[in-house]
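> I am attaching a structure below and will ask some questions about it afterwards.
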Amino acid sequence: MTKNQICEKLEISGLTSEGLGVGKHKDIPIFIKGAAPGDVLTVKIVKTERSHAYGAIQNIDRRSPFREDPPCLVYEKCGGCSLQHISYDAQIAAKEVRAQDSLRRIGGFSGVKVDEVIAAGNPYRYRNKSVFPVKKDHGGQAAAGLYAAHSHRFVPVRDCHIAHPGVSTILRSIESYINSTGIQTYDEASHTGLIRHIMVRTAFATGDVMVVIVANGSAFPHVDRLLPALINKDGVCSICINVNQERTNVIMGSQTNILWGDPYIREVLCGTTFAISAPSFFQVNTAATELLYEKVLEMAELTASKTLIDAYCGIGAISLIAARRAAGVIGIESSESAVEDARTNAKLNGITNADFAAGKTEDVLSGFLSTTSTDVVILDPPRKGCDPAVIAALRSLGPERVIYVSCDPATLARDLKGLCADGLYTIKRVIAADMFPQTPHIETAVLLIRGIPL
């Protein structure tokens, strides 16, 4: 296969983990952006690799029954989501296949199946947190937007269809403020300019809204013109400046200054109230998270006599919901600010049987397991999965139940393979939850039961 080669009548059979369509030409996989399962395409080869190739659609010879017209005007340019051209039912089916395939191919669990897939209640307008870089558009005006996929090419976005519907109005107000005051947007090459990003957090249950401007400096001009533009927006109760003066692609800095209002917004999840600060980690899809956490707690089978360790606990979301059903909960989190938020949330809800420890899970988990009678451990690590020391600690001092919640089926399968080696743990239940409609990402929760008595 060579570059610029034309492949006709290429049938798309599925999607990759990045949402690219997959077709085969003479047994060579070809990955195509914007393809839908069931499409028959004429494709031009744009890049070849040793075992596969990448193609661009030249013509849709037969339109898939799952193909839809994306509502977003910049969908083909923006990298924020990549599946709007596929019906939501087909997205769910593809994500189930991805989770299943990772367990089989990476984990070696040929007999394990996804037992249930939780669909999002609303496949659009679901994000409770949205972050937009701010750059100059082609007319020289400051604009909020996103980057094209796998690039640093800026795409101005007037209305992001997976963001909360109130976000666009806030973005327009801040753009107007920047342009009317002459404040410069940040330039990575020269490390000059002030405004880097805009983040908007919205609590779906209470309507609280937090606006955070990420700035290359702590001195912020014309605040008297910024505040009136935002305070009159529905729900805005917190306006913050986050200071990030590093030459980095990390969005948030460590310092957040409150310009006006509260340091938190309040969200309600599974009957528990959470105070969420600017740097807090909180799942971006509130409705789907509630459904997933109910399933996780169902798996845990907690009672008033059982204890739980919640590793990678963040601000204590699972910990505090679970505490109402358990004898006691210990949350472990590497971020000290998140631990402080978790303790604040415990007090906010009058919960006294949940304690939180600041430190890396791999450093503190074995100590708790060896000194505390623990019945259940919940793991909810970042995308890279668990440190090998976490897997070793669980295998050495393993509790009866482990529930692993993951946003990456590949690292999940890798870690489950280690936990289940030699039959020490057995997979009893697998649930996939679509927390990220219009994107290829899928959240998976797996229940493990200890198979060999220690």
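Ordering of the structure tokens sets the chain letters (A, B, ...), residue numbers begin anew at 1 in every chain, and ligands are numbered from 1 in the order given.
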Do you know which residues are at most 9 Å from Ser254 (chain A) counting only C-alpha atoms, after dropping those on the same chain fewer than 2 positions away, and could you put them as a PyMOL selection string?
chain A and resi 242-244+252+256+279
> Got time to write the residues from that selection, N, CA and C atoms, as an mmCIF file, in the first residue's frame?

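What follows is the written file selection.cif:
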data_model
loop_
_atom_site.group_PDB
_atom_site.id
_atom_site.type_symbol
_atom_site.label_atom_id
_atom_site.label_comp_id
_atom_site.auth_asym_id
_atom_site.auth_seq_id
_atom_site.Cartn_x
_atom_site.Cartn_y
_atom_site.Cartn_z
ATOM 1 N N ASN A 242 -6.925 32.059 38.205
ATOM 2 C CA ASN A 242 -5.906 31.057 38.481
ATOM 3 C C ASN A 242 -4.606 31.502 37.824
ATOM 4 N N VAL A 243 -3.539 31.518 38.602
ATOM 5 C CA VAL A 243 -2.256 32.026 38.122
ATOM 6 C C VAL A 243 -1.390 30.868 37.640
ATOM 7 N N ASN A 244 -1.043 30.909 36.358
ATOM 8 C CA ASN A 244 -0.146 29.915 35.766
ATOM 9 C C ASN A 244 0.895 30.649 34.938
ATOM 10 N N MET A 252 -3.868 24.480 34.546
ATOM 11 C CA MET A 252 -4.042 25.220 35.799
ATOM 12 C C MET A 252 -2.733 25.360 36.558
ATOM 13 N N THR A 256 -4.899 30.080 43.144
ATOM 14 C CA THR A 256 -6.186 30.583 42.684
ATOM 15 C C THR A 256 -6.631 31.712 43.595
ATOM 16 N N PRO A 279 -9.648 24.015 41.499
ATOM 17 C CA PRO A 279 -8.781 22.920 41.055
ATOM 18 C C PRO A 279 -9.329 21.528 41.304
#
> Considering only C-alpha atoms, return as a PyMOL selection string whatever protein or nucleic-acid residues lie within 7 Å of Ala90 (chain A), sequence-local ones (same chain, fewer than 4 positions apart) excluded.
chain A and resi 66+86+94
> Go ahead and dump the residues you just picked, C-alpha atoms, as a PDB file, in the first residue's frame.

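The resulting again07.pdb:
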ATOM      1  CA  PHE A  66     -25.773   5.002  11.804  1.00  0.00           C
ATOM      2  CA  ILE A  86     -22.506   8.640  14.484  1.00  0.00           C
ATOM      3  CA  ALA A  94     -18.852   0.684  19.740  1.00  0.00           C
TER       4      ALA A  94
END
> From the list A:Ile276, A:Cys386, A:Ala205, A:Ala323, which residue is nearest Val339 (chain A) when using only C-alpha atoms?
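The shortest atom-to-atom distance to Val339 (chain A) comes from A:Ile276.
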> Mind listing the helix (DSSP H, G or I) residues of region 206-360 of chain A, per DSSP on the backbone, as a ChimeraX atom specification?
/A:223-231,286-300,317-323,336-348
> Could you tell me which of A:Ala445, A:Ala393, A:Ala53, A:Val46 comes closest to Val22 (chain A) if we count only C-alpha atoms?
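That would be A:Ala53, the residue with the smallest distance to Val22 (chain A).
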> Once DSSP has gone over the backbone, tell me which residues of region 32-184 of chain A are in strand (DSSP E or B), as a PyMOL selection string.
chain A and resi 32+40-48+53-62+67+86+116-118+127+129-136+142-147+154-156+163
> CA of Val200 (chain A) and CA of Asp69 (chain A), how far apart in Å?
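Going from CA of Asp69 (chain A) over to CA of Val200 (chain A) covers 27.5 Å.
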> Would you mind listing what lies within 9 Å of Leu394 (chain A) as a list in words, with only C-alpha atoms counted and same-chain residues fewer than 3 positions away left out?
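Neighbouring residues, sequence-local ones excluded: Leu365, Ser366, Leu369, Val377, Ala389, Val390, Ile391, Leu397, Gly398, Pro399, Val402 and Leu419 of chain A.
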> As a PyMOL selection string, please: the residues near region 164-173 of chain A (cut-off 7 Å, only C-alpha atoms, same-chain neighbours under 6 positions excluded).
chain A and resi 125-128+144+158+200+229-230
> Which is closer to Ala56 (chain A) than all the others in A:His152, A:Lys3, A:Lys233, A:Lys77, using only C-alpha atoms?
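Ranked by minimum distance to Ala56 (chain A), first place goes to A:Lys3.
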> Residues near Thr16 (chain A), anyone? I mean within 12 Å using only C-alpha atoms, not counting same-chain ones fewer than 6 positions away, as a ChimeraX atom specification.
/A:22-23,29-37,54,82-83,91,94-95,97-99,101-102,439-441
> Those residues you just picked out, can you put them in a file as a JSON list (two decimals), in the first residue's frame with N, CA, C and O atoms?

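Written output follows (selection.json):
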[["chain", "number", "residue", "atom", "x", "y", "z"],
["A", 22, "VAL", "N", -12.58, 1.89, 10.94],
["A", 22, "VAL", "CA", -11.65, 0.83, 10.56],
["A", 22, "VAL", "C", -12.22, 0.06, 9.38],
["A", 22, "VAL", "O", -13.34, -0.45, 9.44],
["A", 23, "GLY", "N", -11.43, 0.01, 8.31],
["A", 23, "GLY", "CA", -11.75, -0.83, 7.17],
["A", 23, "GLY", "C", -10.52, -1.60, 6.75],
["A", 23, "GLY", "O", -9.40, -1.24, 7.11],
["A", 29, "PRO", "N", -5.35, -3.09, 7.73],
["A", 29, "PRO", "CA", -6.29, -2.14, 8.36],
["A", 29, "PRO", "C", -6.01, -0.71, 7.91],
["A", 29, "PRO", "O", -4.86, -0.28, 7.84],
["A", 30, "ILE", "N", -7.09, -0.02, 7.62],
["A", 30, "ILE", "CA", -7.01, 1.41, 7.26],
["A", 30, "ILE", "C", -7.88, 2.17, 8.24],
["A", 30, "ILE", "O", -9.05, 1.83, 8.44],
["A", 31, "PHE", "N", -7.32, 3.22, 8.84],
["A", 31, "PHE", "CA", -8.02, 4.03, 9.82],
["A", 31, "PHE", "C", -8.41, 5.35, 9.18],
["A", 31, "PHE", "O", -7.57, 6.05, 8.61],
["A", 32, "ILE", "N", -9.70, 5.70, 9.32],
["A", 32, "ILE", "CA", -10.24, 6.86, 8.59],
["A", 32, "ILE", "C", -11.02, 7.76, 9.52],
["A", 32, "ILE", "O", -11.99, 7.33, 10.16],
["A", 33, "LYS", "N", -10.62, 9.02, 9.60],
["A", 33, "LYS", "CA", -11.35, 10.01, 10.39],
["A", 33, "LYS", "C", -12.70, 10.30, 9.74],
["A", 33, "LYS", "O", -12.80, 10.42, 8.51],
["A", 34, "GLY", "N", -13.74, 10.40, 10.57],
["A", 34, "GLY", "CA", -15.07, 10.76, 10.08],
["A", 34, "GLY", "C", -15.85, 9.63, 9.47],
["A", 34, "GLY", "O", -16.93, 9.84, 8.92],
["A", 35, "ALA", "N", -15.33, 8.40, 9.58],
["A", 35, "ALA", "CA", -16.05, 7.24, 9.05],
["A", 35, "ALA", "C", -16.99, 6.68, 10.11],
["A", 35, "ALA", "O", -16.72, 6.78, 11.31],
["A", 36, "ALA", "N", -18.08, 6.08, 9.66],
["A", 36, "ALA", "CA", -19.05, 5.48, 10.58],
["A", 36, "ALA", "C", -19.17, 3.99, 10.28],
["A", 36, "ALA", "O", -19.08, 3.58, 9.11],
["A", 37, "PRO", "N", -19.35, 3.15, 11.30],
["A", 37, "PRO", "CA", -19.56, 1.72, 11.05],
["A", 37, "PRO", "C", -20.72, 1.51, 10.09],
["A", 37, "PRO", "O", -21.80, 2.07, 10.27],
["A", 54, "TYR", "N", -3.44, 5.07, 7.10],
["A", 54, "TYR", "CA", -4.46, 6.06, 7.41],
["A", 54, "TYR", "C", -5.02, 6.61, 6.11],
["A", 54, "TYR", "O", -4.26, 6.85, 5.14],
["A", 82, "SER", "N", -15.30, 13.62, 18.61],
["A", 82, "SER", "CA", -15.07, 13.05, 17.28],
["A", 82, "SER", "C", -16.14, 12.10, 16.79],
["A", 82, "SER", "O", -15.99, 11.50, 15.73],
["A", 83, "LEU", "N", -17.25, 11.97, 17.52],
["A", 83, "LEU", "CA", -18.27, 10.99, 17.13],
["A", 83, "LEU", "C", -19.64, 11.59, 16.85],
["A", 83, "LEU", "O", -20.62, 10.84, 16.77],
["A", 91, "GLN", "N", -22.75, 4.70, 18.95],
["A", 91, "GLN", "CA", -21.63, 5.06, 19.81],
["A", 91, "GLN", "C", -21.55, 4.11, 21.01],
["A", 91, "GLN", "O", -20.48, 3.61, 21.37],
["A", 94, "ALA", "N", -20.29, 0.69, 20.02],
["A", 94, "ALA", "CA", -18.85, 0.68, 19.74],
["A", 94, "ALA", "C", -18.04, 0.73, 21.03],
["A", 94, "ALA", "O", -16.99, 0.08, 21.15],
["A", 95, "LYS", "N", -18.53, 1.47, 22.02],
["A", 95, "LYS", "CA", -17.80, 1.57, 23.29],
["A", 95, "LYS", "C", -17.88, 0.25, 24.07],
["A", 95, "LYS", "O", -16.91, -0.14, 24.73],
["A", 97, "VAL", "N", -17.99, -2.66, 22.68],
["A", 97, "VAL", "CA", -17.03, -3.52, 21.98],
["A", 97, "VAL", "C", -15.60, -3.18, 22.40],
["A", 97, "VAL", "O", -14.77, -4.07, 22.63],
["A", 98, "ARG", "N", -15.32, -1.90, 22.55],
["A", 98, "ARG", "CA", -13.97, -1.49, 22.95],
["A", 98, "ARG", "C", -13.61, -2.03, 24.34],
["A", 98, "ARG", "O", -12.53, -2.57, 24.56],
["A", 99, "ALA", "N", -14.53, -1.86, 25.29],
["A", 99, "ALA", "CA", -14.27, -2.36, 26.64],
["A", 99, "ALA", "C", -14.10, -3.88, 26.63],
["A", 99, "ALA", "O", -13.19, -4.43, 27.26],
["A", 101, "ASP", "N", -13.21, -5.81, 24.11],
["A", 101, "ASP", "CA", -12.00, -6.19, 23.38],
["A", 101, "ASP", "C", -10.75, -5.98, 24.22],
["A", 101, "ASP", "O", -9.83, -6.79, 24.19],
["A", 102, "SER", "N", -10.71, -4.89, 25.01],
["A", 102, "SER", "CA", -9.55, -4.65, 25.87],
["A", 102, "SER", "C", -9.40, -5.75, 26.91],
["A", 102, "SER", "O", -8.29, -6.22, 27.19],
["A", 439, "THR", "N", -17.59, 11.40, 22.23],
["A", 439, "THR", "CA", -16.15, 11.10, 22.22],
["A", 439, "THR", "C", -15.99, 9.59, 22.30],
["A", 439, "THR", "O", -16.92, 8.87, 22.66],
["A", 440, "PRO", "N", -14.78, 9.07, 22.02],
["A", 440, "PRO", "CA", -14.57, 7.61, 22.07],
["A", 440, "PRO", "C", -14.40, 7.07, 23.49],
["A", 440, "PRO", "O", -14.32, 5.86, 23.68],
["A", 441, "HIS", "N", -14.33, 7.93, 24.50],
["A", 441, "HIS", "CA", -13.98, 7.50, 25.85],
["A", 441, "HIS", "C", -15.14, 6.76, 26.52],
["A", 441, "HIS", "O", -16.31, 7.06, 26.30]]
> Measure the distance from CA of Leu269 (chain A) to CA of Ile92 (chain A) in Å and round it to one decimal.
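We find that CA of Leu269 (chain A) and CA of Ile92 (chain A) lie 23.7 Å from each other.
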